[in-house]
Amino acid sequence: MRSDFARIASGGIAGMTSSIITFGPLTFDPSSGRLRGNGTDIPLGHRAAALLQTLIAADQQPVPKSALLEAAWPGMVVEEGNLTVQIAALRKALGTRADGQDWIVTIPRVGYRLVRPEPASTPTMELPTIPVLAVLPFANLSRDPEQEYFADGVVEDITTALSRFKSFAVIARNSSFIYKDRAVDLRQVASELGVRYLLEGSIRRAGDQLRIGTKLVDYGSGQQIWAEQYEGTVDEVFAFQDRITDSVAMLVEPLIQQAEIDHSRRNRPGSIAAYDLYLRALPKFLLVTDTGNKAAVALLTEALVLEPDNAVYLATAASWISDRTIMGWPPLGPDDRQRCANYIALALSNANQNATVLTHCGNVLLHFLKDYDWAISTIQSAVETNPNDHWTVIHAGVMNLHCGSIEASLNWFQRAIRLSPRDPFAFVSLTGISHAHLMLGDFDEALVWATRSLTLNPNYPCTYWMLIAANALLGRTDEARRHLVQFLAIVPEMTIARIREGQPDRDPQRIAPMLEGLRLAGLPE
């Protein structure tokens, strides 16, 4: 029996007949499948038109994948991958909303939903609750018109990549480009656009060499947060452009987050706003200690009293509570597991394509709730949503380490380190690489990466697991026991059973070498 959604798609949208549907700058004629935007036709295949018609008919409610498959391929049996391809093409045709986000939202393990914002009422000026960034046109220092097009392409790609992040807002390219080729006071630009952060750049060609310079400036404090140069050759111009985009996108988010933490400490010491509580919790979590974790969870709990449906706070709180089991710290209470399950369910229902939310939820499902298929699906959705989010890249590595390809895990961890070398959580990737080499039996290489991790964070318990196990498996008993003493000073009364409890066990062989090394070094069972 065909679904209601499929019947609507094949027979016309109920209540809409042939009337034109308008959402944002787009119009859609259900009777002809014609899509228009900014006064021009947008090519749309008949399957994409059927999908759009079904999504519109659902009136912003999630549409199951089965209903969408029936709408686009009525009476046929097709692979779900065909739907993914059609949805991707439809997203590209629709473009992005005014806030830079997609019109079509993925609902993990369910299907998709079309967002149709209500018509705007009389505009009111409100202070943004999250930081705002503008990417300005890059200056063409070579004055070569061809490089002008390349520079504009770089800016457009960077703007698109940054718009995937939900922890800050990005001004639309059209607004930023009104300043192209104009001598302007950048403080005035920041004021006119209503932003705190500006990403600026320049391009220069010398022979076959191209050089792109970028810098991120906080115009609230007048400080330059970061600057970098990228060099490549003209014949690899597109690969060069992709490298710049990936690097800038992955670096900017943690830098803005740290700047916001600094502003919170300096400018709003008495505020109890939920966002401030969240910002104050982050540095405590970064301590990677029992007491720091408790304090961070307590602050997030206060934030959730103010905003109980905030998906970021819910997912982050669940992740931090889950971390207590991973690290071997005592639970906060007897209901930690149920509390995390409740937070995850509510966070995912409000995720709205937020890669950080999906990643945190996937991590909890992987390590704490041990629902491996759901964890894999959720983290894969995060990667599709934002492949440049540093948390997502790291946890894609963690997920593959335990449930996927070890080679893929190494690639993800290496990508995280390459694209965001200043990431405060780089020690997680370094330890992950060490663990992968331990699994592969390359104990000397495991020691190299674990030692690098230790220099970044001497409090991270997982690094000591690798140092202890690799040394013990190499027969270096004295060195293994020296690290064991340091480890037990951080996490007293730790046992092999407690470590096993906090690790995914879909494939017990993934952690077997580590546990065997810890056992050889003398860690109690």
# chains A, B, ... in the order shown; residues from 1 in each chain; ligands from 1
>>> select_by_dssp(residues="stretch 49-235 of chain A", states="strand (DSSP E or B)", output="PyMOL selection string")
chain A and resi 63-64+96+102+104-107+111-114+132-135+139-140+169-170+197-206+209-218+223-233
>>> residues_around(residues="A:Arg187", least_positions_apart="2", cutoff="9 Å", atoms="only C-alpha atoms", output="list in words")
Val184, Asp185, Val189, Ala190, Ser191, Glu192, Tyr219, Gly220 and Gly222 of chain A
>>> select_by_dssp(residues="stretch 321-507 of chain A", states="alpha helix (DSSP H)", output="JSON, numbers by chain")
{"A": [321, 322, 323, 324, 325, 326, 327, 336, 337, 338, 339, 340, 341, 342, 343, 344, 345, 346, 347, 348, 349, 355, 356, 357, 358, 359, 360, 361, 362, 363, 364, 365, 366, 367, 372, 373, 374, 375, 376, 377, 378, 379, 380, 381, 382, 383, 384, 385, 390, 391, 392, 393, 394, 395, 396, 397, 398, 399, 400, 401, 402, 403, 406, 407, 408, 409, 410, 411, 412, 413, 414, 415, 416, 417, 418, 419, 426, 427, 428, 429, 430, 431, 432, 433, 434, 435, 436, 437, 438, 439, 443, 444, 445, 446, 447, 448, 449, 450, 451, 452, 453, 454, 455, 456, 461, 462, 463, 464, 465, 466, 467, 468, 469, 470, 471, 472, 473, 477, 478, 479, 480, 481, 482, 483, 484, 485, 486, 487, 488, 489, 490, 496, 497, 498, 499, 500, 501]}
>>> atom_distance(atom1="atom CA of A:Leu456", atom2="atom CA of A:Leu287")
11.5 Å
>>> closest_residue(among="A:Ser66, A:Thr96, A:Gln380, A:Asn471", to="A:Leu83", atoms="only C-alpha atoms")
A:Ser66
>>> closest_residue(among="A:Ile21, A:Leu438, A:Val154, A:Ala497", to="A:Leu52", atoms="only C-alpha atoms")
A:Ile21
>>> atom_distance(atom1="atom CA of A:Gly432", atom2="atom CA of A:Val383")
18.0 Å
>>> residues_around(residues="A:Ser349", least_positions_apart="5", cutoff="10 Å", atoms="only C-alpha atoms", output="list in words")
Ile107, Pro108, Asp309, Ala311 and Ile344 of chain A
>>> closest_residue(among="A:Ala48, A:Ala57, A:Leu198, A:Ala93", to="A:Pro137", atoms="only C-alpha atoms")
A:Leu198
>>> residues_around(residues="A:Tyr275", least_positions_apart="3", cutoff="8 Å", atoms="only C-alpha atoms", output="PyMOL selection string")
chain A and resi 129-130+278-279+303
>>> closest_atom_pairs(of="stretch 252-321 of chain A", to="stretch 350-368 of chain A", cutoff="8 Å", atoms="only C-alpha atoms", output="tab-separated table")
residue	atom	partner	partner_atom	distance
A:Asp309	CA	A:Asn350	CA	7.2
A:Asn310	CA	A:Asn350	CA	7.4
A:Ala311	CA	A:Asn350	CA	5.6
A:Val312	CA	A:Val357	CA	5.5
A:Ala315	CA	A:His360	CA	5.6
A:Thr316	CA	A:His360	CA	6.1
A:Ala318	CA	A:Val364	CA	6.8
A:Ser319	CA	A:Val364	CA	5.6
>>> residues_around(residues="stretch 402-416 of chain A", least_positions_apart="3", cutoff="8 Å", atoms="only C-alpha atoms", output="PyMOL selection string")
chain A and resi 372+376+390+393-394+396-399+419-421+426+429-430+432-433+436+504-507+510
>>> atom_distance(atom1="atom CA of A:Asn388", atom2="atom CA of A:Ile244")
11.8 Å
>>> residues_around(residues="stretch 227-232 of chain A", least_positions_apart="2", cutoff="8 Å", atoms="only C-alpha atoms", output="list in words")
Gln209, Leu210, Arg211, Ile212, Gly213, Thr214, Lys215, Leu216, Gln224, Ile225, Val234, Glu236, Val237, Phe240 and Ile244 of chain A
>>> decode(residues="stretch 311-340 of chain A", atoms="N, CA and C atoms", output="JSON list (two decimals), in the first residue's frame")
[["chain", "number", "residue", "atom", "x", "y", "z"],
["A", 311, "ALA", "N", 20.16, 21.97, 21.96],
["A", 311, "ALA", "CA", 20.77, 20.71, 21.53],
["A", 311, "ALA", "C", 22.27, 20.66, 21.82],
["A", 312, "VAL", "N", 22.96, 21.80, 21.68],
["A", 312, "VAL", "CA", 24.40, 21.82, 21.93],
["A", 312, "VAL", "C", 24.68, 21.51, 23.40],
["A", 313, "TYR", "N", 23.96, 22.15, 24.29],
["A", 313, "TYR", "CA", 24.20, 21.94, 25.72],
["A", 313, "TYR", "C", 23.82, 20.52, 26.13],
["A", 314, "LEU", "N", 22.72, 20.00, 25.58],
["A", 314, "LEU", "CA", 22.28, 18.65, 25.90],
["A", 314, "LEU", "C", 23.32, 17.61, 25.45],
["A", 315, "ALA", "N", 23.76, 17.73, 24.19],
["A", 315, "ALA", "CA", 24.70, 16.75, 23.66],
["A", 315, "ALA", "C", 26.06, 16.86, 24.35],
["A", 316, "THR", "N", 26.49, 18.09, 24.63],
["A", 316, "THR", "CA", 27.77, 18.28, 25.30],
["A", 316, "THR", "C", 27.73, 17.73, 26.71],
["A", 317, "ALA", "N", 26.65, 17.99, 27.45],
["A", 317, "ALA", "CA", 26.52, 17.47, 28.81],
["A", 317, "ALA", "C", 26.55, 15.95, 28.80],
["A", 318, "ALA", "N", 25.82, 15.33, 27.87],
["A", 318, "ALA", "CA", 25.83, 13.86, 27.77],
["A", 318, "ALA", "C", 27.23, 13.34, 27.49],
["A", 319, "SER", "N", 27.95, 14.02, 26.59],
["A", 319, "SER", "CA", 29.30, 13.59, 26.25],
["A", 319, "SER", "C", 30.23, 13.69, 27.45],
["A", 320, "TRP", "N", 30.12, 14.77, 28.19],
["A", 320, "TRP", "CA", 31.01, 14.95, 29.34],
["A", 320, "TRP", "C", 30.69, 13.96, 30.47],
["A", 321, "ILE", "N", 29.42, 13.65, 30.67],
["A", 321, "ILE", "CA", 29.06, 12.65, 31.67],
["A", 321, "ILE", "C", 29.58, 11.28, 31.23],
["A", 322, "SER", "N", 29.42, 10.99, 29.94],
["A", 322, "SER", "CA", 29.93, 9.73, 29.38],
["A", 322, "SER", "C", 31.44, 9.61, 29.55],
["A", 323, "ASP", "N", 32.15, 10.73, 29.41],
["A", 323, "ASP", "CA", 33.62, 10.72, 29.53],
["A", 323, "ASP", "C", 34.08, 10.20, 30.89],
["A", 324, "ARG", "N", 33.26, 10.32, 31.90],
["A", 324, "ARG", "CA", 33.67, 9.87, 33.23],
["A", 324, "ARG", "C", 33.91, 8.36, 33.24],
["A", 325, "THR", "N", 33.09, 7.64, 32.50],
["A", 325, "THR", "CA", 33.30, 6.19, 32.42],
["A", 325, "THR", "C", 34.52, 5.87, 31.57],
["A", 326, "ILE", "N", 34.70, 6.61, 30.47],
["A", 326, "ILE", "CA", 35.86, 6.38, 29.60],
["A", 326, "ILE", "C", 37.16, 6.60, 30.36],
["A", 327, "MET", "N", 37.20, 7.67, 31.15],
["A", 327, "MET", "CA", 38.42, 8.01, 31.88],
["A", 327, "MET", "C", 38.61, 7.22, 33.17],
["A", 328, "GLY", "N", 37.55, 6.53, 33.61],
["A", 328, "GLY", "CA", 37.65, 5.78, 34.85],
["A", 328, "GLY", "C", 37.37, 6.59, 36.09],
["A", 329, "TRP", "N", 36.73, 7.76, 35.91],
["A", 329, "TRP", "CA", 36.37, 8.57, 37.07],
["A", 329, "TRP", "C", 35.06, 8.06, 37.66],
["A", 330, "PRO", "N", 34.81, 8.33, 38.94],
["A", 330, "PRO", "CA", 33.55, 7.87, 39.57],
["A", 330, "PRO", "C", 32.34, 8.53, 38.89],
["A", 331, "PRO", "N", 31.22, 7.83, 38.84],
["A", 331, "PRO", "CA", 30.01, 8.42, 38.23],
["A", 331, "PRO", "C", 29.52, 9.60, 39.05],
["A", 332, "LEU", "N", 28.78, 10.49, 38.40],
["A", 332, "LEU", "CA", 28.20, 11.62, 39.12],
["A", 332, "LEU", "C", 27.01, 11.19, 39.95],
["A", 333, "GLY", "N", 26.33, 10.14, 39.51],
["A", 333, "GLY", "CA", 25.16, 9.65, 40.24],
["A", 333, "GLY", "C", 24.73, 8.31, 39.69],
["A", 334, "PRO", "N", 23.76, 7.65, 40.35],
["A", 334, "PRO", "CA", 23.32, 6.33, 39.90],
["A", 334, "PRO", "C", 22.55, 6.35, 38.59],
["A", 335, "ASP", "N", 22.11, 7.53, 38.16],
["A", 335, "ASP", "CA", 21.29, 7.63, 36.96],
["A", 335, "ASP", "C", 22.06, 8.20, 35.77],
["A", 336, "ASP", "N", 23.39, 8.17, 35.79],
["A", 336, "ASP", "CA", 24.18, 8.77, 34.70],
["A", 336, "ASP", "C", 23.78, 8.23, 33.33],
["A", 337, "ARG", "N", 23.60, 6.92, 33.23],
["A", 337, "ARG", "CA", 23.30, 6.32, 31.93],
["A", 337, "ARG", "C", 21.94, 6.78, 31.41],
["A", 338, "GLN", "N", 20.93, 6.76, 32.28],
["A", 338, "GLN", "CA", 19.60, 7.19, 31.86],
["A", 338, "GLN", "C", 19.59, 8.68, 31.54],
["A", 339, "ARG", "N", 20.33, 9.45, 32.33],
["A", 339, "ARG", "CA", 20.42, 10.89, 32.09],
["A", 339, "ARG", "C", 21.01, 11.15, 30.70],
["A", 340, "CYS", "N", 22.06, 10.42, 30.35],
["A", 340, "CYS", "CA", 22.67, 10.59, 29.03],
["A", 340, "CYS", "C", 21.70, 10.18, 27.93]]
